[in-house]
Structure formats: C-alpha cells, structure tokens
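Participant: Got a structure for you, written out below as structure tokens; questions coming shortly.
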Amino acid sequence: MFYLVAFLLQCFPLAMGQYDICKSWVTTDDGPSWEFYACQPKAMRMKDYVTVRVDPAGITCGDPPERFCTHENPYLCSDECDASNPDLAHPPKLMFDSEDEGLATYWQSVTWRRYPEPLLANITLSWNKSIELTDDIVITFEYGRPTIMMLEKSLDNGRTWHPYQYYADDCMEAFSMPARRVRDLSTTSANRVLCTEEYSRWAGSKKEKNVRFEVRDRFAIFAGPDLKNTDNLYTRLESAKGLKDFFTITDLRMRLLRPALGGTYVQRENLYKYFYAVSNIEVTGRCKCNLHANLCTFKEGSLQCECEHNTTGQDCGKCKKNFRSRSWRAGSYLPLPNGSPNACAAAGSAFGNCECYGHSNRCSYIDFLNVVTCVSCKHNTRGQHCQHCRLGFYRNSSAELDDENVCLECNCNQIGSMHDRCNETGYCECKEGATGPKCDDCLPNYYWRQGCFPNVCDDELLLCQNGGTCYQNQRCICPVGFKGVLCEQSRCEVDKKDCDGARSARGSLSTILLGALALQLRGWVDL
C-alpha cells in the first residue's frame, strides 16, 4: 500500500503547482515509460544557508569597547559595545539569528568618530551556489537607515561584481542618477539598474527600518499587481534576454556608504550617534537547477540540486557520463504549462555512435577515411572527438573532457612571449630575459620596459664606478668628470677639451681663493 501511495504522489498532476515535478510514469501504445517535465525546487529562506563576511577589518564595534548614542537621545550616550562581553557584543551572526519577540539583536559598526573620513562597510552574503530570487530582499536597520548605500550582485561566486540597485537621499548628488521607482518600469526595462530615494530619507528609527530590493514589483510588470498571471511571467523569463539572469545570484554585497544622519547635516560635536546596525536580512529564493530538479538539499556545507533528466552537477549543468549523445541544455518554461525538460539522452542513436564530449551536436562521415568526426567543435576544442584544445588554449587539468571549461586560454604576454601558444600546463614560450607562466616577468639581471632588457647596472655585479649611481638598472648617473656606461672613464682621458676645461675651471677657482685670502691678510695688516 505504501508503494502505491508513493507512486500516486509522484504522478500527481501538475495542476497542484507549476513545474513541481520532474517526471511521471505514463502508459502509451508503446507501453509504460517515464514522461519528463521541466521542474524546479520550491522557494525557501536562503539566509539559513548563507555565509557572511563583513569588511574592512575592524569595522565591527567592540574592539576596543566604545560608547554610542541614538538619534532619539543623541546626548545620552550610555549604550556600550564590547566584543569581549556576550551581552554587549554585536557580531555579524546576529543579522541571521532568531529573535525573541520585542528584543532585536543586530550587527553594529563602529561609530563615525573619524569624521570627515567616510564610514564605509561591506556586508557580503555568499551561497557557493546559483540561486534564483523569488521575493523581495529585505534588510532591517536599527537606529536609522543609511542615507547612501548600494546593493551589488555576483554570478561567479564573488570573482566579479555588478551593481544591482542604488539607494540615496539624493540620487543625483550621490550617484549622478535620477531617482526612479521600480513600479514605474516597463516590460522592456524590468531588469534596469536604478537609484531609489524611497528608503533613504530620514523618517525616525522607530517608524521605518526596512530597505528593499523589490523583486515582486518587477515580477508584477509581467504577472500583474496580484501576481496571478504567472504564465506571462514564465514566458517572459524564458524569452526576454537577460531577464532570468537578472534574478540569479551566487553572492550579494551591501556597500554602506553613509549612515543615517537624523537630520540634514552631521553634528561634529556628537559623532557617537552615527553608525550602522543591521538586525535582519531576508532573502527568499530557490536553488537554480536549470529546470532539471525539484529538490535541493544542503550537503557538505553547500546547497546541491537533486538532479533529474540524466543530468548531474551542483546546478544540474551537465549530462551524466553515459547520457551524452547530444549537448547538455537547460530546461525551458516553454511551452506552457509543462515546459521542455531537454533531458540528456543515452548513447545508441545514430549521433550517439560518435562521442564529442558535449562540444558539438553534429557529426560528419568522411568517406575516403571511413571515419565519423565531430563538426564545429565548441568551447575552444578541436579534433575528431573535440578532445583537443585549439591553438592558444590548453587543457584544464581539473575539468573533465565534457566540461565547457575544459580548455583555458593561454593569455601569453604579447611582448614577452614568442607567440600566443602555450604547453599542456599553460606555460608560454618566453623571449630572452622574460619568465613566468605568461612571460610577463623578467629574469634576474633583466628589467622590464615593454619587454625584458639586460641590466646596464645593479647593486651586485654591475656596479657604477667613481661614485656613480644606478638609475632603475637602466643607466649610471655619473658625477662631474666621469663618463661611460659604468662611469668608468675619466673625461680628461677621453677628451682633451674636457680636460683643459676642467684645468681652467680648477685654475679659476684657485685664483679666486688666493685672491680672497690676500684680501683677508691685507685687512689684518691694516688693523
């Protein structure tokens, strides 16, 4: 009975929710088989799986302990932050803890005691996994919202960052951008990065605490104010260029640029009331599984898609080993309502007889050689089975042959290398004097100046002589009376004119000195 119930649950109609299941067991004239659907995990609170980093070092209050005030009582500075006392500490983890009713716990920065030096803080949230936002990001500030801040996103685990939204009490002054509201955007500008003044003007810390990144308002542009027209939303997510990626992140970063002022200007006589305090960050989303999974679990410290459709990987981003008869593709929301699973297929079809490791979806039969070869290899690969790298690229030893990043660019320095090709470990062939994997450095006794050149002088072997000094290993700066590459030649020995000039100068100097001495002696005689 248990197995029957489980079977019925697996095959429950999709009417219970869009893209909830990945497959169902169906019976056709050809017999029973699995029918696949595009599928995705349910949305969840992503802050339960996040790691947080706050920088720069020393921005968190309490080390050393310090007093702070509030805008409500700006001259009653009886509050204290002390990192060594659990009751008075405000570490970053308090942005994500569960709070008892009526008692807010929060991370807090140092006060603005170094004004007018800017008080800057970065709060970085990382998931080590691609996630898709499904609801607003809500950041709750205690003691006032920042007057200037910005939100940034990363799609590559923090290697590169892109602006997500700007916040300021005066957008034009802070970011040279006009203030806009998300609800005023159109279907063609739903993924525009804008600046809003809605969350930065002083309204009193007791009244307004939240700063939002409005995901629902952007969805409403397509699905209507009540988000009931989800079919149109899914259609737009699939068809509008860049829209799906706009709501996809691996990391978020809040850059806090100026704290709440509690007025129109900074009161220099009491800087202890200016600081940042964040009590909660809510991020709601789902694991990005490329529409190949409806479950996402937390394993070994990170989220992992439970992949279907013969796919594998953290994001279901490639086909399983024996299911690579055609290139991997993400699932699609279209056609509605079940979408296209684009499942990976097992070998056995006509194309399956030729292995291209997912870098080509076409083969060609060469009659006079009696071989089948892959055509138009992608991902910088080449060869009969797309198993080699193109010239100028080398094999990524940490990637499998079917990985899109199996071939990495050599990136040889154009000046220091012989050509743009490298060996199998990524090392380029360097010109004389150049060194390093990319030939962008110089060997000892060489210096860089649009290429590597031998040192003219140095502080060890090629010493400047006769008191000369070595300038950037390129030339000796010689004292008066000497010349040559290493100041090794006397000007008198090389050029008689120089020698005569030097004697004349010395004679003139002697005459002046003798004359001055004679005048001084005459003065003594007169006395």
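Ligands are numbered from 1 in the order shown, residues from 1 within each chain, and chains are lettered A, B, ... in the order they appear in the structure tokens.
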Find the residues around Asn455 of chain A up to 12 Å (only C-alpha atoms counted), leave out those fewer than 5 positions away in its own chain, and share them as a list in words.
Facilitator: Gly433, Cys442, Leu443, Pro444, Asn445, Tyr446, Tyr447, Trp448, Arg449, Glu460, Leu461, Leu462, Leu463, Cys464, Cys470, Tyr471, Gln472, Asn473, Gln474, Arg475, Cys476, Val485 and Leu486 of chain A
Participant: Please write the residues from the selection above to a file, keeping N, CA, C and O atoms, as a PDB file, in the first residue's frame.
Facilitator:
ATOM      1  N   GLY A 433      65.258  36.719 -21.640  1.00  0.00           N
ATOM      2  CA  GLY A 433      65.138  37.590 -20.482  1.00  0.00           C
ATOM      3  C   GLY A 433      63.796  37.540 -19.795  1.00  0.00           C
ATOM      4  O   GLY A 433      63.678  37.938 -18.637  1.00  0.00           O
ATOM      5  N   CYS A 442      60.476  39.333 -15.636  1.00  0.00           N
ATOM      6  CA  CYS A 442      61.846  39.283 -16.139  1.00  0.00           C
ATOM      7  C   CYS A 442      62.719  38.436 -15.229  1.00  0.00           C
ATOM      8  O   CYS A 442      62.516  38.381 -14.012  1.00  0.00           O
ATOM      9  N   LEU A 443      63.714  37.789 -15.844  1.00  0.00           N
ATOM     10  CA  LEU A 443      64.704  37.035 -15.091  1.00  0.00           C
ATOM     11  C   LEU A 443      65.575  37.991 -14.271  1.00  0.00           C
ATOM     12  O   LEU A 443      65.618  39.195 -14.561  1.00  0.00           O
ATOM     13  N   PRO A 444      66.291  37.469 -13.265  1.00  0.00           N
ATOM     14  CA  PRO A 444      67.249  38.316 -12.550  1.00  0.00           C
ATOM     15  C   PRO A 444      68.262  38.928 -13.520  1.00  0.00           C
ATOM     16  O   PRO A 444      68.639  38.306 -14.518  1.00  0.00           O
ATOM     17  N   ASN A 445      68.699  40.146 -13.243  1.00  0.00           N
ATOM     18  CA  ASN A 445      69.634  40.898 -14.079  1.00  0.00           C
ATOM     19  C   ASN A 445      69.004  41.400 -15.376  1.00  0.00           C
ATOM     20  O   ASN A 445      69.704  41.741 -16.320  1.00  0.00           O
ATOM     21  N   TYR A 446      67.638  41.383 -15.407  1.00  0.00           N
ATOM     22  CA  TYR A 446      66.905  41.994 -16.523  1.00  0.00           C
ATOM     23  C   TYR A 446      65.875  42.959 -15.939  1.00  0.00           C
ATOM     24  O   TYR A 446      65.429  42.799 -14.807  1.00  0.00           O
ATOM     25  N   TYR A 447      65.499  43.970 -16.710  1.00  0.00           N
ATOM     26  CA  TYR A 447      64.458  44.890 -16.266  1.00  0.00           C
ATOM     27  C   TYR A 447      63.405  44.987 -17.373  1.00  0.00           C
ATOM     28  O   TYR A 447      63.673  44.706 -18.546  1.00  0.00           O
ATOM     29  N   TRP A 448      62.166  45.360 -16.981  1.00  0.00           N
ATOM     30  CA  TRP A 448      61.026  45.409 -17.914  1.00  0.00           C
ATOM     31  C   TRP A 448      60.819  46.834 -18.420  1.00  0.00           C
ATOM     32  O   TRP A 448      60.680  47.779 -17.647  1.00  0.00           O
ATOM     33  N   ARG A 449      60.817  46.966 -19.733  1.00  0.00           N
ATOM     34  CA  ARG A 449      60.438  48.215 -20.381  1.00  0.00           C
ATOM     35  C   ARG A 449      59.906  47.856 -21.754  1.00  0.00           C
ATOM     36  O   ARG A 449      60.626  47.837 -22.748  1.00  0.00           O
ATOM     37  N   GLU A 460      74.923  44.674  -7.398  1.00  0.00           N
ATOM     38  CA  GLU A 460      75.688  43.487  -7.043  1.00  0.00           C
ATOM     39  C   GLU A 460      76.866  43.243  -7.992  1.00  0.00           C
ATOM     40  O   GLU A 460      78.026  43.257  -7.595  1.00  0.00           O
ATOM     41  N   LEU A 461      76.570  43.036  -9.275  1.00  0.00           N
ATOM     42  CA  LEU A 461      77.625  42.674 -10.233  1.00  0.00           C
ATOM     43  C   LEU A 461      78.042  43.835 -11.114  1.00  0.00           C
ATOM     44  O   LEU A 461      79.228  44.015 -11.410  1.00  0.00           O
ATOM     45  N   LEU A 462      77.078  44.624 -11.566  1.00  0.00           N
ATOM     46  CA  LEU A 462      77.367  45.712 -12.494  1.00  0.00           C
ATOM     47  C   LEU A 462      77.313  47.027 -11.725  1.00  0.00           C
ATOM     48  O   LEU A 462      76.328  47.763 -11.761  1.00  0.00           O
ATOM     49  N   LEU A 463      78.369  47.321 -11.000  1.00  0.00           N
ATOM     50  CA  LEU A 463      78.397  48.474 -10.112  1.00  0.00           C
ATOM     51  C   LEU A 463      78.834  49.734 -10.852  1.00  0.00           C
ATOM     52  O   LEU A 463      79.793  49.723 -11.630  1.00  0.00           O
ATOM     53  N   CYS A 464      78.129  50.817 -10.621  1.00  0.00           N
ATOM     54  CA  CYS A 464      78.571  52.109 -11.146  1.00  0.00           C
ATOM     55  C   CYS A 464      79.844  52.528 -10.395  1.00  0.00           C
ATOM     56  O   CYS A 464      79.925  52.419  -9.172  1.00  0.00           O
ATOM     57  N   CYS A 470      73.174  54.042  -9.791  1.00  0.00           N
ATOM     58  CA  CYS A 470      72.409  53.255 -10.774  1.00  0.00           C
ATOM     59  C   CYS A 470      70.953  53.700 -10.757  1.00  0.00           C
ATOM     60  O   CYS A 470      70.301  53.713  -9.708  1.00  0.00           O
ATOM     61  N   TYR A 471      70.408  54.050 -11.905  1.00  0.00           N
ATOM     62  CA  TYR A 471      69.030  54.508 -12.026  1.00  0.00           C
ATOM     63  C   TYR A 471      68.175  53.424 -12.680  1.00  0.00           C
ATOM     64  O   TYR A 471      68.315  53.145 -13.880  1.00  0.00           O
ATOM     65  N   GLN A 472      67.329  52.777 -11.878  1.00  0.00           N
ATOM     66  CA  GLN A 472      66.372  51.760 -12.343  1.00  0.00           C
ATOM     67  C   GLN A 472      67.025  50.678 -13.196  1.00  0.00           C
ATOM     68  O   GLN A 472      66.418  50.146 -14.123  1.00  0.00           O
ATOM     69  N   ASN A 473      68.261  50.342 -12.891  1.00  0.00           N
ATOM     70  CA  ASN A 473      69.017  49.307 -13.597  1.00  0.00           C
ATOM     71  C   ASN A 473      69.251  49.628 -15.071  1.00  0.00           C
ATOM     72  O   ASN A 473      69.746  48.787 -15.824  1.00  0.00           O
ATOM     73  N   GLN A 474      68.924  50.870 -15.486  1.00  0.00           N
ATOM     74  CA  GLN A 474      68.977  51.193 -16.910  1.00  0.00           C
ATOM     75  C   GLN A 474      70.203  52.033 -17.285  1.00  0.00           C
ATOM     76  O   GLN A 474      70.668  51.976 -18.414  1.00  0.00           O
ATOM     77  N   ARG A 475      70.731  52.829 -16.360  1.00  0.00           N
ATOM     78  CA  ARG A 475      71.904  53.641 -16.683  1.00  0.00           C
ATOM     79  C   ARG A 475      72.551  54.151 -15.404  1.00  0.00           C
ATOM     80  O   ARG A 475      71.895  54.213 -14.345  1.00  0.00           O
ATOM     81  N   CYS A 476      73.827  54.464 -15.513  1.00  0.00           N
ATOM     82  CA  CYS A 476      74.540  55.064 -14.398  1.00  0.00           C
ATOM     83  C   CYS A 476      74.504  56.596 -14.533  1.00  0.00           C
ATOM     84  O   CYS A 476      74.739  57.130 -15.622  1.00  0.00           O
ATOM     85  N   VAL A 485      79.513  53.818 -19.673  1.00  0.00           N
ATOM     86  CA  VAL A 485      78.339  53.054 -19.254  1.00  0.00           C
ATOM     87  C   VAL A 485      78.298  52.906 -17.752  1.00  0.00           C
ATOM     88  O   VAL A 485      77.257  53.047 -17.109  1.00  0.00           O
ATOM     89  N   LEU A 486      79.464  52.624 -17.145  1.00  0.00           N
ATOM     90  CA  LEU A 486      79.526  52.435 -15.698  1.00  0.00           C
ATOM     91  C   LEU A 486      80.306  53.569 -15.020  1.00  0.00           C
ATOM     92  O   LEU A 486      80.804  53.400 -13.912  1.00  0.00           O
TER      93      LEU A 486
END
Participant: List every residue of segment 324-503 of chain A that DSSP, applied to the backbone of this structure, assigns to strand (DSSP E), and report them as an MDAnalysis selection string.
Facilitator: chainID A and resid 362:366 371:375 381:382 388:389 393:395 407:409 417:422 428:430 434:435 441:442 446:448 452:454 469:471 475:477 482:483 489:490
Participant: Would you please work out which residue, of A:Pro91, A:Pro259, A:Gly451, A:Pro178, is nearest to Leu119 of chain A when using only C-alpha atoms?
Facilitator: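 For Leu119 of chain A, the nearest of the candidates is A:Pro259.
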Participant: For the alpha helix (DSSP H) assignment from backbone DSSP, which residues of segment 64-232 of chain A qualify? Please present them as a ChimeraX atom specification.
Facilitator: /A:171-175,215-223,230-232
Participant: Go ahead and save the residues from that selection, with C-alpha atoms, as a short mmCIF file (atom, residue, chain, number, x, y, z; two decimals), in the first residue's frame.
Facilitator:
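Once everything was written out, this is again-v6.cif:
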data_model
loop_
_atom_site.label_atom_id
_atom_site.label_comp_id
_atom_site.auth_asym_id
_atom_site.auth_seq_id
_atom_site.Cartn_x
_atom_site.Cartn_y
_atom_site.Cartn_z
CA CYS A 171 20.33 60.13 -6.10
CA MET A 172 21.63 62.86 -8.37
CA GLU A 173 24.09 64.13 -5.78
CA ALA A 174 25.26 60.68 -4.63
CA PHE A 175 25.36 58.72 -7.91
CA VAL A 215 11.62 41.56 -6.76
CA ARG A 216 7.82 41.27 -6.58
CA ASP A 217 7.29 44.68 -8.17
CA ARG A 218 9.47 43.64 -11.09
CA PHE A 219 7.55 40.36 -11.43
CA ALA A 220 4.30 42.35 -11.33
CA ILE A 221 5.29 44.15 -14.54
CA PHE A 222 4.50 40.85 -16.32
CA ALA A 223 2.23 38.96 -13.89
CA THR A 230 2.29 33.60 -13.86
CA ASP A 231 2.05 32.15 -17.37
CA ASN A 232 3.06 35.50 -18.83
#
Participant: If I take atom CA of Asn338 of chain A and atom CA of Gly285 of chain A, how far is one from the other in Å, to one decimal?
Facilitator: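 Calculated distance between atom CA of Asn338 of chain A and atom CA of Gly285 of chain A is 20.8 Å.
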Participant: I'd like the neighbourhood of Asp97 of chain A as a PyMOL selection string, where a residue qualifies if any of its atoms comes within 12 Å (using only C-alpha atoms), though same-chain residues fewer than 6 positions away should be ignored.
Facilitator: chain A and resi 47-48+50+90-91+103-107+278-282
Participant: Between atom CA of His309 of chain A and atom CA of Leu408 of chain A, what is the distance in Å, rounded to a tenth?
Facilitator: 28.6 Å
Participant: Figure out the distance between atom CA of Tyr265 of chain A and atom CA of Glu197 of chain A, please, to one decimal in Å.
Facilitator: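 Calculated distance between atom CA of Glu197 of chain A and atom CA of Tyr265 of chain A is 17.2 Å.
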Participant: Restricting the calculation to only C-alpha atoms, which member of A:Arg324, A:Lys209, A:Arg192, A:Arg390 is positioned closest to Arg421 of chain A?
Facilitator: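 Checking each candidate against Arg421 of chain A, we get A:Arg390 as the closest.
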